[in-house]
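The file data-v7.cif contains mmCIF, C-alpha atoms:
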data_upload
#
loop_
_atom_site.label_atom_id
_atom_site.label_comp_id
_atom_site.auth_asym_id
_atom_site.auth_seq_id
_atom_site.Cartn_x
_atom_site.Cartn_y
_atom_site.Cartn_z
CA MET A 1 36.77 -25.83 44.89
CA SER A 2 35.05 -23.13 46.78
CA SER A 3 35.39 -20.75 43.85
CA PHE A 4 32.71 -22.66 41.93
CA LYS A 5 30.13 -22.06 44.57
CA THR A 6 30.26 -18.30 44.69
CA ASN A 7 27.42 -17.74 42.18
CA ARG A 8 25.05 -20.21 43.64
CA GLY A 9 21.91 -18.63 45.03
CA SER A 10 22.28 -15.30 43.29
CA LYS A 11 19.68 -14.48 40.57
CA LEU A 12 20.46 -14.08 36.89
CA PRO A 13 20.40 -10.47 35.78
CA ALA A 14 17.23 -9.54 33.80
CA ILE A 15 17.73 -9.54 30.03
CA SER A 16 17.35 -6.05 28.71
CA THR A 17 14.36 -5.73 26.37
CA ALA A 18 15.26 -2.22 25.34
CA SER A 19 16.36 -3.35 21.88
CA LEU A 20 13.17 -5.30 21.20
CA PRO A 21 11.33 -2.24 19.82
CA ASP A 22 14.20 -1.68 17.39
CA ILE A 23 13.86 -5.19 16.05
CA VAL A 24 10.13 -4.80 15.66
CA PHE A 25 10.61 -1.47 13.93
CA ILE A 26 12.96 -3.08 11.46
CA LEU A 27 10.27 -5.67 10.72
CA LEU A 28 7.71 -2.91 10.39
CA PHE A 29 9.80 -0.94 7.92
CA PHE A 30 10.46 -4.07 5.93
CA PHE A 31 6.74 -4.71 5.57
CA MET A 32 6.01 -1.08 4.80
CA THR A 33 8.42 -1.12 1.87
CA VAL A 34 7.52 -4.54 0.46
CA VAL A 35 3.81 -4.21 0.65
CA THR A 36 1.30 -2.14 -1.29
CA ILE A 37 -1.86 -1.00 0.32
CA ASN A 38 -5.04 -2.52 -1.03
CA ASP A 39 -6.67 0.61 -2.32
CA GLN A 40 -9.38 -1.13 -4.18
CA GLN A 41 -12.03 -3.43 -3.01
CA VAL A 42 -12.85 -6.43 -5.10
CA MET A 43 -16.61 -6.60 -5.32
CA VAL A 44 -16.85 -9.96 -7.00
CA GLN A 45 -16.09 -13.51 -6.06
CA ASN A 46 -12.52 -13.97 -7.17
CA THR A 47 -10.72 -17.28 -6.92
CA LEU A 48 -7.97 -17.29 -9.52
CA PRO A 49 -7.10 -20.45 -11.47
CA ASN A 50 -3.79 -22.24 -10.97
CA ALA A 51 -0.95 -22.21 -13.46
CA THR A 52 2.64 -23.34 -13.49
CA GLU A 53 4.04 -21.39 -16.43
CA ALA A 54 2.92 -17.96 -15.33
CA GLU A 55 5.30 -15.06 -15.69
CA ARG A 56 5.61 -12.38 -13.08
CA LEU A 57 4.41 -8.98 -14.20
CA THR A 58 7.36 -6.68 -13.98
CA LYS A 59 5.47 -3.46 -13.39
CA LYS A 60 2.23 -2.75 -11.72
CA ASP A 61 1.63 0.78 -12.92
CA ASN A 62 1.02 -0.12 -16.55
CA ASN A 63 -1.74 -2.59 -16.04
CA ILE A 64 -5.47 -2.25 -16.13
CA GLU A 65 -7.18 -4.65 -13.79
CA VAL A 66 -10.45 -6.25 -14.76
CA PHE A 67 -12.18 -8.46 -12.25
CA ILE A 68 -14.80 -10.91 -13.40
CA GLY A 69 -16.97 -13.01 -11.18
CA THR A 70 -20.31 -13.32 -9.50
CA PRO A 71 -21.24 -10.59 -6.99
CA LYS A 72 -20.10 -11.22 -3.46
CA GLY A 73 -21.95 -11.46 -0.18
CA ALA A 74 -24.77 -9.00 0.44
CA GLN A 75 -24.72 -7.76 -3.14
CA VAL A 76 -26.18 -10.99 -4.45
CA ALA A 77 -29.60 -9.80 -3.28
CA LEU A 78 -29.23 -6.58 -5.28
CA LEU A 79 -27.41 -7.76 -8.35
CA GLY A 80 -28.25 -11.39 -8.74
CA LYS A 81 -25.85 -14.19 -9.49
CA ALA A 82 -24.91 -13.43 -13.07
CA PRO A 83 -21.18 -12.75 -13.53
CA ARG A 84 -20.18 -9.08 -13.53
CA ILE A 85 -17.19 -7.13 -14.74
CA GLN A 86 -15.48 -4.81 -12.32
CA LEU A 87 -13.18 -2.24 -13.88
CA GLY A 88 -11.55 0.14 -11.46
CA LYS A 89 -13.97 0.66 -8.63
CA THR A 90 -17.28 0.11 -10.39
CA PHE A 91 -19.22 -2.54 -12.23
CA VAL A 92 -19.22 -2.01 -15.96
CA ALA A 93 -21.64 -3.36 -18.54
CA MET A 94 -20.15 -5.27 -21.45
CA ASP A 95 -20.83 -2.54 -24.02
CA GLN A 96 -19.11 0.06 -21.85
CA VAL A 97 -15.98 -1.94 -21.16
CA ALA A 98 -14.11 -0.46 -24.10
CA SER A 99 -14.68 3.15 -23.10
CA SER A 100 -13.95 2.50 -19.42
CA ALA A 101 -10.76 0.71 -20.32
CA LEU A 102 -9.71 3.66 -22.48
CA GLU A 103 -10.43 5.98 -19.59
CA GLU A 104 -8.13 3.92 -17.38
CA LEU A 105 -5.53 3.91 -20.13
CA TYR A 106 -5.53 7.68 -20.39
CA SER A 107 -5.18 8.08 -16.66
CA MET A 108 -1.78 6.44 -16.97
CA PRO A 109 1.39 8.44 -17.58
CA GLU A 110 1.95 8.79 -21.30
CA HIS A 111 5.16 6.76 -21.55
CA LEU A 112 3.44 3.71 -20.10
CA ARG A 113 0.46 3.66 -22.44
CA ASN A 114 2.25 1.78 -25.20
CA SER A 115 3.08 -1.10 -22.94
CA ALA A 116 -0.28 -1.24 -21.17
CA VAL A 117 -1.43 -4.70 -20.21
CA VAL A 118 -4.96 -5.68 -19.31
CA SER A 119 -4.96 -8.13 -16.41
CA ILE A 120 -8.00 -10.34 -16.51
CA LYS A 121 -8.65 -11.59 -13.02
CA ALA A 122 -11.48 -13.97 -13.58
CA ASP A 123 -13.04 -16.36 -11.16
CA THR A 124 -12.64 -20.07 -11.85
CA SER A 125 -16.39 -20.56 -11.98
CA ILE A 126 -17.15 -18.35 -14.96
CA LYS A 127 -17.65 -19.41 -18.55
CA MET A 128 -15.54 -18.43 -21.55
CA GLY A 129 -18.33 -16.47 -23.24
CA ILE A 130 -17.84 -13.38 -21.12
CA ILE A 131 -14.06 -13.56 -21.57
CA LEU A 132 -14.37 -13.84 -25.35
CA ASP A 133 -16.73 -10.86 -25.46
CA LEU A 134 -14.41 -8.88 -23.23
CA LYS A 135 -11.43 -9.62 -25.43
CA GLU A 136 -13.41 -8.59 -28.49
CA GLN A 137 -14.31 -5.28 -26.78
CA LEU A 138 -10.69 -4.66 -25.83
CA ARG A 139 -9.58 -5.47 -29.36
CA SER A 140 -11.87 -2.77 -30.69
CA VAL A 141 -9.87 -0.15 -28.77
CA ASN A 142 -6.55 -1.76 -29.62
CA LEU A 143 -5.77 -3.08 -26.17
CA LEU A 144 -4.16 -6.29 -27.29
CA LYS A 145 -1.92 -7.35 -24.44
CA ILE A 146 -3.92 -9.60 -22.20
CA ASN A 147 -2.68 -11.19 -19.05
CA TYR A 148 -4.68 -13.97 -17.49
CA THR A 149 -3.82 -13.58 -13.84
CA THR A 150 -3.25 -16.87 -12.10
CA VAL A 151 -1.75 -18.23 -8.94
CA GLN A 152 1.11 -20.68 -8.77
CA GLY A 153 -0.23 -24.19 -8.37
CA ASP A 154 -1.16 -27.49 -9.94
CA VAL A 155 -3.04 -26.87 -13.19
CA PHE A 156 -4.86 -30.16 -13.11
CA GLN A 157 -6.75 -29.05 -10.05
CA ASN A 158 -8.50 -26.58 -12.36
CA ILE A 159 -10.20 -29.36 -14.30
CA GLU A 160 -11.90 -31.01 -11.37
CA MET B 1 19.98 15.75 49.92
CA SER B 2 21.66 15.73 46.55
CA ARG B 3 20.07 17.84 43.77
CA PHE B 4 21.66 15.78 41.00
CA ARG B 5 20.12 12.50 41.63
CA GLN B 6 20.18 10.06 38.73
CA LEU B 7 16.94 10.32 36.75
CA PRO B 8 14.87 7.14 36.79
CA GLU B 9 15.12 5.18 33.53
CA VAL B 10 12.05 5.43 31.26
CA ASN B 11 10.53 2.01 30.87
CA ALA B 12 10.80 1.08 27.21
CA GLY B 13 9.08 -2.25 27.58
CA SER B 14 5.79 -1.03 26.14
CA MET B 15 7.48 0.48 23.09
CA ALA B 16 7.64 -3.01 21.60
CA ASP B 17 3.89 -3.37 22.05
CA ILE B 18 3.25 -0.13 20.19
CA ALA B 19 5.52 -1.20 17.36
CA PHE B 20 3.78 -4.57 17.22
CA LEU B 21 0.42 -2.85 16.94
CA LEU B 22 1.71 -0.81 13.99
CA LEU B 23 3.15 -3.93 12.41
CA ILE B 24 -0.09 -5.84 12.74
CA PHE B 25 -2.02 -2.90 11.31
CA PHE B 26 0.19 -2.94 8.21
CA LEU B 27 -0.02 -6.68 7.87
CA VAL B 28 -3.80 -6.54 7.89
CA THR B 29 -4.31 -3.63 5.51
CA ALA B 30 -1.65 -4.52 3.02
CA ALA B 31 -1.07 -7.25 0.50
CA ILE B 32 2.18 -8.31 -1.08
CA PRO B 33 1.76 -7.81 -4.82
CA THR B 34 1.67 -11.27 -6.36
CA ASP B 35 0.69 -10.50 -9.88
CA GLU B 36 1.66 -13.16 -12.28
CA GLY B 37 -0.12 -14.66 -15.19
CA LEU B 38 -0.14 -15.94 -18.73
CA LEU B 39 0.51 -13.16 -21.20
CA ARG B 40 -1.27 -13.32 -24.54
CA ILE B 41 -1.40 -10.92 -27.45
CA SER B 42 -4.68 -10.79 -29.34
CA PRO B 43 -4.56 -10.11 -33.07
CA PRO B 44 -5.26 -6.52 -34.16
CA GLU B 45 -8.73 -5.78 -35.39
CA GLU B 46 -8.19 -5.16 -39.09
CA ASN B 47 -6.43 -8.38 -39.80
CA ARG B 48 -8.42 -10.27 -42.34
CA SER B 49 -5.70 -11.42 -44.68
CA LYS B 50 -6.03 -14.96 -45.91
CA VAL B 51 -3.10 -17.26 -45.50
CA GLU B 52 -3.09 -20.81 -46.62
CA ILE B 53 -1.89 -23.17 -43.96
CA ARG B 54 -1.24 -26.78 -44.69
CA ASP B 55 -3.21 -29.15 -42.59
CA ARG B 56 -0.11 -30.81 -41.17
CA ASN B 57 1.12 -27.47 -39.85
CA LEU B 58 -2.03 -26.81 -37.89
CA PHE B 59 -2.52 -28.33 -34.47
CA GLU B 60 -6.17 -28.10 -33.60
CA VAL B 61 -7.11 -27.97 -29.98
CA ASN B 62 -10.80 -27.98 -29.19
CA LEU B 63 -12.52 -27.47 -25.88
CA ASN B 64 -16.19 -28.31 -25.92
CA PRO B 65 -18.91 -26.88 -23.65
CA SER B 66 -18.61 -29.68 -21.13
CA GLY B 67 -14.87 -29.12 -20.94
CA GLU B 68 -13.66 -32.11 -22.89
CA LEU B 69 -10.49 -31.81 -24.85
CA MET B 70 -10.12 -32.83 -28.47
CA VAL B 71 -6.78 -32.56 -30.21
CA GLU B 72 -6.45 -33.25 -33.94
CA GLN B 73 -9.86 -34.98 -33.99
CA GLU B 74 -8.97 -37.26 -31.10
CA ILE B 75 -10.06 -37.08 -27.50
CA LEU B 76 -7.10 -36.49 -25.26
CA LYS B 77 -6.47 -36.17 -21.56
CA PHE B 78 -5.38 -32.76 -20.28
CA SER B 79 -2.19 -34.31 -18.92
CA GLU B 80 -1.24 -35.58 -22.38
CA LEU B 81 -1.62 -32.24 -24.13
CA ARG B 82 1.84 -30.93 -23.34
CA GLU B 83 3.60 -33.93 -24.79
CA ALA B 84 1.39 -33.92 -27.90
CA ALA B 85 2.13 -30.23 -28.48
CA VAL B 86 5.87 -30.75 -28.05
CA SER B 87 5.98 -33.59 -30.54
CA PHE B 88 3.94 -31.50 -32.99
CA ILE B 89 6.15 -28.40 -32.81
CA ASP B 90 9.46 -30.20 -32.63
CA ASN B 91 8.57 -32.71 -35.33
CA GLY B 92 10.90 -31.52 -38.08
CA GLY B 93 8.93 -33.19 -40.84
CA ILE B 94 11.16 -32.25 -43.76
CA SER B 95 14.12 -34.50 -44.46
CA ALA B 96 17.68 -33.14 -44.54
CA GLY B 97 18.74 -31.36 -47.70
CA ASN B 98 15.29 -30.08 -48.57
CA LEU B 99 14.01 -26.54 -48.14
CA GLY B 100 12.60 -25.93 -44.69
CA HIS B 101 14.57 -28.66 -43.00
CA CYS B 102 14.86 -28.15 -39.27
CA ALA B 103 18.37 -29.07 -38.18
CA TYR B 104 17.86 -28.65 -34.45
CA CYS B 105 14.55 -30.48 -34.16
CA SER B 106 14.59 -33.73 -32.27
CA GLY B 107 11.17 -34.99 -33.31
CA SER B 108 10.28 -38.16 -35.14
CA GLY B 109 9.66 -36.58 -38.54
CA ASP B 110 6.08 -37.79 -38.68
CA PRO B 111 4.48 -36.84 -42.03
CA GLN B 112 1.24 -35.96 -40.22
CA LEU B 113 2.87 -33.38 -37.96
CA SER B 114 4.48 -29.99 -38.58
CA GLU B 115 7.21 -29.26 -41.13
CA ASN B 116 9.26 -27.04 -38.84
CA PRO B 117 8.66 -24.91 -35.72
CA GLN B 118 8.38 -21.70 -37.77
CA LYS B 119 5.39 -23.10 -39.61
CA ALA B 120 3.77 -24.89 -36.72
CA ILE B 121 0.62 -23.15 -35.62
CA ILE B 122 -1.52 -24.12 -32.69
CA ALA B 123 -5.17 -23.26 -33.14
CA LEU B 124 -7.22 -23.16 -30.00
CA GLN B 125 -10.96 -23.22 -30.27
CA VAL B 126 -13.17 -22.80 -27.26
CA SER B 127 -16.89 -22.67 -26.90
CA ARG B 128 -18.72 -19.96 -25.01
CA GLU B 129 -19.85 -22.45 -22.42
CA THR B 130 -16.38 -23.79 -21.62
CA GLY B 131 -15.21 -23.08 -18.09
CA TYR B 132 -12.52 -20.42 -17.73
CA SER B 133 -10.34 -22.61 -15.52
CA LYS B 134 -10.16 -25.29 -18.19
CA TYR B 135 -9.18 -22.70 -20.75
CA VAL B 136 -6.40 -21.53 -18.44
CA THR B 137 -5.22 -25.12 -18.03
CA VAL B 138 -4.98 -25.56 -21.79
CA GLN B 139 -3.20 -22.22 -22.24
CA ASN B 140 -0.81 -23.19 -19.48
CA GLU B 141 -0.01 -26.56 -21.02
CA LEU B 142 0.60 -25.04 -24.45
CA GLN B 143 2.85 -22.43 -22.87
CA ALA B 144 4.63 -25.24 -21.05
CA ALA B 145 5.27 -27.02 -24.35
CA TYR B 146 6.93 -23.93 -25.83
CA ASN B 147 8.87 -23.30 -22.64
CA GLU B 148 10.13 -26.85 -22.58
CA LEU B 149 11.41 -26.65 -26.16
CA ARG B 150 12.96 -23.24 -25.63
CA ASN B 151 14.65 -24.32 -22.42
CA ASN B 152 16.08 -27.40 -24.10
CA ALA B 153 17.41 -25.41 -27.04
CA SER B 154 18.85 -22.79 -24.77
CA THR B 155 20.60 -25.25 -22.48
CA ARG B 156 22.03 -27.03 -25.49
CA LEU B 157 23.33 -23.85 -27.13
CA TYR B 158 24.28 -21.62 -24.22
CA GLY B 159 24.27 -23.85 -21.16
CA ILE B 160 21.61 -21.77 -19.43
CA SER B 161 17.86 -22.25 -19.50
CA PHE B 162 15.62 -19.81 -21.38
CA GLN B 163 13.75 -18.97 -18.21
CA ALA B 164 16.97 -18.16 -16.38
CA MET B 165 18.06 -15.90 -19.25
CA LYS B 166 14.79 -14.03 -19.10
CA THR B 167 14.93 -13.49 -15.36
CA GLU B 168 18.51 -12.34 -15.61
CA TYR B 169 17.56 -9.97 -18.41
CA SER B 170 14.76 -8.37 -16.43
CA ASN B 171 17.06 -8.11 -13.45
CA SER B 172 18.26 -4.54 -13.31
CA ASN B 173 21.73 -5.17 -11.89
CA ALA B 174 23.14 -6.85 -14.99
CA THR B 175 25.76 -4.91 -16.96
CA PRO B 176 24.68 -3.36 -20.29
CA GLU B 177 26.98 -5.66 -22.28
CA ARG B 178 25.56 -8.70 -20.56
CA LYS B 179 22.05 -7.46 -21.21
CA GLN B 180 22.72 -6.97 -24.90
CA ASP B 181 24.22 -10.43 -25.11
CA LEU B 182 21.21 -11.91 -23.34
CA GLN B 183 18.79 -10.01 -25.56
CA GLN B 184 20.38 -11.50 -28.66
CA LYS B 185 20.30 -14.99 -27.22
CA ILE B 186 16.68 -14.67 -26.17
CA LYS B 187 15.78 -13.44 -29.63
CA LYS B 188 17.62 -16.33 -31.25
CA ILE B 189 15.74 -18.88 -29.17
CA GLN B 190 12.44 -17.15 -29.83
CA GLU B 191 13.15 -17.34 -33.55
CA MET B 192 13.95 -21.03 -33.26
CA TYR B 193 10.64 -21.71 -31.56
CA PRO B 194 8.24 -18.85 -32.31
CA GLN B 195 5.10 -18.99 -30.28
CA LYS B 196 2.24 -19.18 -32.75
CA LEU B 197 -1.01 -19.52 -30.94
CA LEU B 198 -4.15 -18.82 -32.81
CA GLU B 199 -7.49 -18.40 -31.17
CA ILE B 200 -10.42 -19.19 -33.35
CA SER B 201 -13.48 -17.18 -32.56
CA THR B 202 -16.34 -19.57 -32.27
CA THR B 203 -19.30 -19.38 -34.48
CA ASN B 204 -22.66 -19.43 -32.82
CA PHE B 205 -24.43 -22.71 -33.22
#

Translate the structure of the given file into structure tokens.
Amino acid sequence: MSSFKTNRGSKLPAISTASLPDIVFILLFFFMTVVTINDQQVMVQNTLPNATEAERLTKKDNNIEVFIGTPKGAQVALLGKAPRIQLGKTFVAMDQVASSALEELYSMPEHLRNSAVVSIKADTSIKMGIILDLKEQLRSVNLLKINYTTVQGDVFQNIE
Amino acid sequence: MSRFRQLPEVNAGSMADIAFLLLIFFLVTAAIPTDEGLLRISPPEENRSKVEIRDRNLFEVNLNPSGELMVEQEILKFSELREAAVSFIDNGGISAGNLGHCAYCSGSGDPQLSENPQKAIIALQVSRETGYSKYVTVQNELQAAYNELRNNASTRLYGISFQAMKTEYSNSNATPERKQDLQQKIKKIQEMYPQKLLEISTTNF
């Protein structure tokens, strides 16, 4: 019986935390590989609509991103509340969309240009007029593949 | 006094803190790419050819400025659009033995609805004042109708859903033979239910 009592009173050895940094580094590397750095700042209000049937875009390097929405935050004082189009890093007027989009297209590697997709990231609050005009502009430079970027979610929330 | 004393162990406890700082920095500056959306192809510019479409083969979807939905001259709820589109496309309005009969359609054969899925065209008309989110909802529901029909056909024929075939096809680790097989099957299904979505440019009132 006495053999059970030998450990009583002695402290547990401290758990070594030496391998904790390794675990955290693994996490870090995982995030570094999965993630892309936000290199561009969205200058407009941008809440995307919900959709259930959306398809994942397979590549990111062959798409031209167009943000549409009302100016955000402090810029409202400068630019007003009318919806704006952001292509690349600047605001673009409607009649210059076509040429700016072409510029973006030609900055792509040549083999990707045929499959270029224009991603329209429009805010839920905007009206169709600006989208229709934009599509017409893009049609004039033969950019016909349009992707309405959405988030996964209940579509009927969009109507409310 | 011994010259070869054991060196004291370097305390690695704070290493974890440094790594955590780096981790948090990356989490804050980065975003996981979550790009997904509804893909649409607009018609090329010089496309003014006139084609006669029978009225029964055209499914008119209208969205007015206040965001109300009208389908085939009747007001419809957004939640009913998918079902209406499915019954229109999958109608199979030509009886067996006649030209254009759709053998795989499971619709009711309503004389008001489409003849076969190859002829069925959905025309979407929106006004400039319609909200974008409503437009997306309609596009999504119409896409859902096509997806439903394609999935059904695919499960019936090949025992695998259309969506699953597509994801497997875009997956890079499939063998070339498998990919070719999948490509043919996908094409077959797409021919059975071609996606014909027409967007009517609105006239200014």

Interface rows for chain B against chain A: nearest pair, Å to one decimal, 9 Å, all atoms listed in the file, as JSON lines:
{"residue": "B:Asn11", "atom": "CA", "partner": "A:Ala18", "partner_atom": "CA", "distance": 8.4}
{"residue": "B:Ala12", "atom": "CA", "partner": "A:Ala18", "partner_atom": "CA", "distance": 5.9}
{"residue": "B:Gly13", "atom": "CA", "partner": "A:Thr17", "partner_atom": "CA", "distance": 6.4}
{"residue": "B:Ser14", "atom": "CA", "partner": "A:Pro21", "partner_atom": "CA", "distance": 8.5}
{"residue": "B:Met15", "atom": "CA", "partner": "A:Pro21", "partner_atom": "CA", "distance": 5.7}
{"residue": "B:Ala16", "atom": "CA", "partner": "A:Pro21", "partner_atom": "CA", "distance": 4.2}
{"residue": "B:Asp17", "atom": "CA", "partner": "A:Pro21", "partner_atom": "CA", "distance": 7.8}
{"residue": "B:Ile18", "atom": "CA", "partner": "A:Pro21", "partner_atom": "CA", "distance": 8.4}
{"residue": "B:Ala19", "atom": "CA", "partner": "A:Val24", "partner_atom": "CA", "distance": 6.1}
{"residue": "B:Phe20", "atom": "CA", "partner": "A:Val24", "partner_atom": "CA", "distance": 6.5}
{"residue": "B:Leu22", "atom": "CA", "partner": "A:Leu28", "partner_atom": "CA", "distance": 7.3}
{"residue": "B:Leu23", "atom": "CA", "partner": "A:Leu28", "partner_atom": "CA", "distance": 5.1}
{"residue": "B:Ile24", "atom": "CA", "partner": "A:Leu28", "partner_atom": "CA", "distance": 8.7}
{"residue": "B:Phe26", "atom": "CA", "partner": "A:Met32", "partner_atom": "CA", "distance": 7.0}
{"residue": "B:Leu27", "atom": "CA", "partner": "A:Phe31", "partner_atom": "CA", "distance": 7.4}
{"residue": "B:Thr29", "atom": "CA", "partner": "A:Ile37", "partner_atom": "CA", "distance": 6.3}
{"residue": "B:Ala30", "atom": "CA", "partner": "A:Ile37", "partner_atom": "CA", "distance": 4.4}
{"residue": "B:Ala31", "atom": "CA", "partner": "A:Val35", "partner_atom": "CA", "distance": 5.8}
{"residue": "B:Ile32", "atom": "CA", "partner": "A:Val35", "partner_atom": "CA", "distance": 4.7}
{"residue": "B:Pro33", "atom": "CA", "partner": "A:Thr36", "partner_atom": "CA", "distance": 6.7}
{"residue": "B:Thr34", "atom": "CA", "partner": "A:Arg56", "partner_atom": "CA", "distance": 7.9}
{"residue": "B:Asp35", "atom": "CA", "partner": "A:Leu57", "partner_atom": "CA", "distance": 5.9}
{"residue": "B:Glu36", "atom": "CA", "partner": "A:Arg56", "partner_atom": "CA", "distance": 4.1}
{"residue": "B:Gly37", "atom": "CA", "partner": "A:Thr149", "partner_atom": "CA", "distance": 4.1}
{"residue": "B:Leu38", "atom": "CA", "partner": "A:Ala54", "partner_atom": "CA", "distance": 5.0}
{"residue": "B:Leu39", "atom": "CA", "partner": "A:Asn147", "partner_atom": "CA", "distance": 4.3}
{"residue": "B:Arg40", "atom": "CA", "partner": "A:Ile146", "partner_atom": "CA", "distance": 5.1}
{"residue": "B:Ile41", "atom": "CA", "partner": "A:Lys145", "partner_atom": "CA", "distance": 4.7}
{"residue": "B:Ser42", "atom": "CA", "partner": "A:Leu144", "partner_atom": "CA", "distance": 5.0}
{"residue": "B:Pro43", "atom": "CA", "partner": "A:Leu144", "partner_atom": "CA", "distance": 6.9}
{"residue": "B:Pro44", "atom": "CA", "partner": "A:Arg139", "partner_atom": "CA", "distance": 6.5}
{"residue": "B:Glu45", "atom": "CA", "partner": "A:Arg139", "partner_atom": "CA", "distance": 6.1}
{"residue": "B:Gly67", "atom": "CA", "partner": "A:Ile159", "partner_atom": "CA", "distance": 8.1}
{"residue": "B:Phe78", "atom": "CA", "partner": "A:Phe156", "partner_atom": "CA", "distance": 7.6}
{"residue": "B:Ser79", "atom": "CA", "partner": "A:Phe156", "partner_atom": "CA", "distance": 7.6}
{"residue": "B:Val126", "atom": "CA", "partner": "A:Met128", "partner_atom": "CA", "distance": 7.6}
{"residue": "B:Ser127", "atom": "CA", "partner": "A:Met128", "partner_atom": "CA", "distance": 7.0}
{"residue": "B:Arg128", "atom": "CA", "partner": "A:Gly129", "partner_atom": "CA", "distance": 3.9}
{"residue": "B:Glu129", "atom": "CA", "partner": "A:Lys127", "partner_atom": "CA", "distance": 5.4}
{"residue": "B:Thr130", "atom": "CA", "partner": "A:Met128", "partner_atom": "CA", "distance": 5.4}
{"residue": "B:Gly131", "atom": "CA", "partner": "A:Lys127", "partner_atom": "CA", "distance": 4.4}
{"residue": "B:Tyr132", "atom": "CA", "partner": "A:Met128", "partner_atom": "CA", "distance": 5.3}
{"residue": "B:Ser133", "atom": "CA", "partner": "A:Thr124", "partner_atom": "CA", "distance": 5.0}
{"residue": "B:Lys134", "atom": "CA", "partner": "A:Ile159", "partner_atom": "CA", "distance": 5.6}
{"residue": "B:Tyr135", "atom": "CA", "partner": "A:Met128", "partner_atom": "CA", "distance": 7.7}
{"residue": "B:Val136", "atom": "CA", "partner": "A:Pro49", "partner_atom": "CA", "distance": 7.1}
{"residue": "B:Thr137", "atom": "CA", "partner": "A:Val155", "partner_atom": "CA", "distance": 5.6}
{"residue": "B:Val138", "atom": "CA", "partner": "A:Val155", "partner_atom": "CA", "distance": 8.9}
{"residue": "B:Asn140", "atom": "CA", "partner": "A:Glu53", "partner_atom": "CA", "distance": 6.0}
{"residue": "B:Glu141", "atom": "CA", "partner": "A:Glu53", "partner_atom": "CA", "distance": 8.0}
{"residue": "B:Gln143", "atom": "CA", "partner": "A:Glu53", "partner_atom": "CA", "distance": 6.6}
{"residue": "B:Ala144", "atom": "CA", "partner": "A:Glu53", "partner_atom": "CA", "distance": 6.0}
{"residue": "B:Asn147", "atom": "CA", "partner": "A:Glu53", "partner_atom": "CA", "distance": 8.1}
{"residue": "B:Ser170", "atom": "CA", "partner": "A:Thr58", "partner_atom": "CA", "distance": 8.0}
{"residue": "B:Ser201", "atom": "CA", "partner": "A:Leu132", "partner_atom": "CA", "distance": 8.0}

I need the residues from that last selection saved to file as a compact mmCIF listing (two decimals), in the coordinates of the input (with C-alpha atoms), if you can.
# COMPACT_ATOMS: atom_id res chain seq x y z
CA ASN B 11 10.53 2.01 30.87
CA ALA B 12 10.80 1.08 27.21
CA GLY B 13 9.08 -2.25 27.58
CA SER B 14 5.79 -1.03 26.14
CA MET B 15 7.48 0.48 23.09
CA ALA B 16 7.64 -3.01 21.60
CA ASP B 17 3.89 -3.37 22.05
CA ILE B 18 3.25 -0.13 20.19
CA ALA B 19 5.52 -1.20 17.36
CA PHE B 20 3.78 -4.57 17.22
CA LEU B 22 1.71 -0.81 13.99
CA LEU B 23 3.15 -3.93 12.41
CA ILE B 24 -0.09 -5.84 12.74
CA PHE B 26 0.19 -2.94 8.21
CA LEU B 27 -0.02 -6.68 7.87
CA THR B 29 -4.31 -3.63 5.51
CA ALA B 30 -1.65 -4.52 3.02
CA ALA B 31 -1.07 -7.25 0.50
CA ILE B 32 2.18 -8.31 -1.08
CA PRO B 33 1.76 -7.81 -4.82
CA THR B 34 1.67 -11.27 -6.36
CA ASP B 35 0.69 -10.50 -9.88
CA GLU B 36 1.66 -13.16 -12.28
CA GLY B 37 -0.12 -14.66 -15.19
CA LEU B 38 -0.14 -15.94 -18.73
CA LEU B 39 0.51 -13.16 -21.20
CA ARG B 40 -1.27 -13.32 -24.54
CA ILE B 41 -1.40 -10.92 -27.45
CA SER B 42 -4.68 -10.79 -29.34
CA PRO B 43 -4.56 -10.11 -33.07
CA PRO B 44 -5.26 -6.52 -34.16
CA GLU B 45 -8.73 -5.78 -35.39
CA GLY B 67 -14.87 -29.12 -20.94
CA PHE B 78 -5.38 -32.76 -20.28
CA SER B 79 -2.19 -34.31 -18.92
CA VAL B 126 -13.17 -22.80 -27.26
CA SER B 127 -16.89 -22.67 -26.90
CA ARG B 128 -18.72 -19.96 -25.01
CA GLU B 129 -19.85 -22.45 -22.42
CA THR B 130 -16.38 -23.79 -21.62
CA GLY B 131 -15.21 -23.08 -18.09
CA TYR B 132 -12.52 -20.42 -17.73
CA SER B 133 -10.34 -22.61 -15.52
CA LYS B 134 -10.16 -25.29 -18.19
CA TYR B 135 -9.18 -22.70 -20.75
CA VAL B 136 -6.40 -21.53 -18.44
CA THR B 137 -5.22 -25.12 -18.03
CA VAL B 138 -4.98 -25.56 -21.79
CA ASN B 140 -0.81 -23.19 -19.48
CA GLU B 141 -0.01 -26.56 -21.02
CA GLN B 143 2.85 -22.43 -22.87
CA ALA B 144 4.63 -25.24 -21.05
CA ASN B 147 8.87 -23.30 -22.64
CA SER B 170 14.76 -8.37 -16.43
CA SER B 201 -13.48 -17.18 -32.56

Could you state the separation of CA of Asn63 (chain A) and CA of Asn46 (chain A) in Å, given to one decimal place?
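Rounded to one decimal, the two atoms are 18.0 Å apart.
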
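Of note, CA of Arg56 (chain B) and CA of Leu113 (chain B) are spaced 5.1 Å apart.
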
In Å, how far is it from CA of Leu58 (chain B) to CA of Ser106 (chain B)?
18.9 Å

Counting all atoms listed in the file, which of A:Ala14, A:Ala82, A:Met94, A:Ile64 gets nearest to Tyr106 (chain A)?
A:Ile64

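The shell of residues at most 10 Å from Val97 (chain A), with all atoms listed in the file counted and near chain neighbours (fewer than 3 positions) removed, consists of Val66, Ile85, Gln86, Leu87, Phe91, Val92, Ala93, Met94, Ser100, Ala101, Leu102, Glu103, Asp133, Leu134, Lys135, Gln137, Leu138 and Val141 of chain A.
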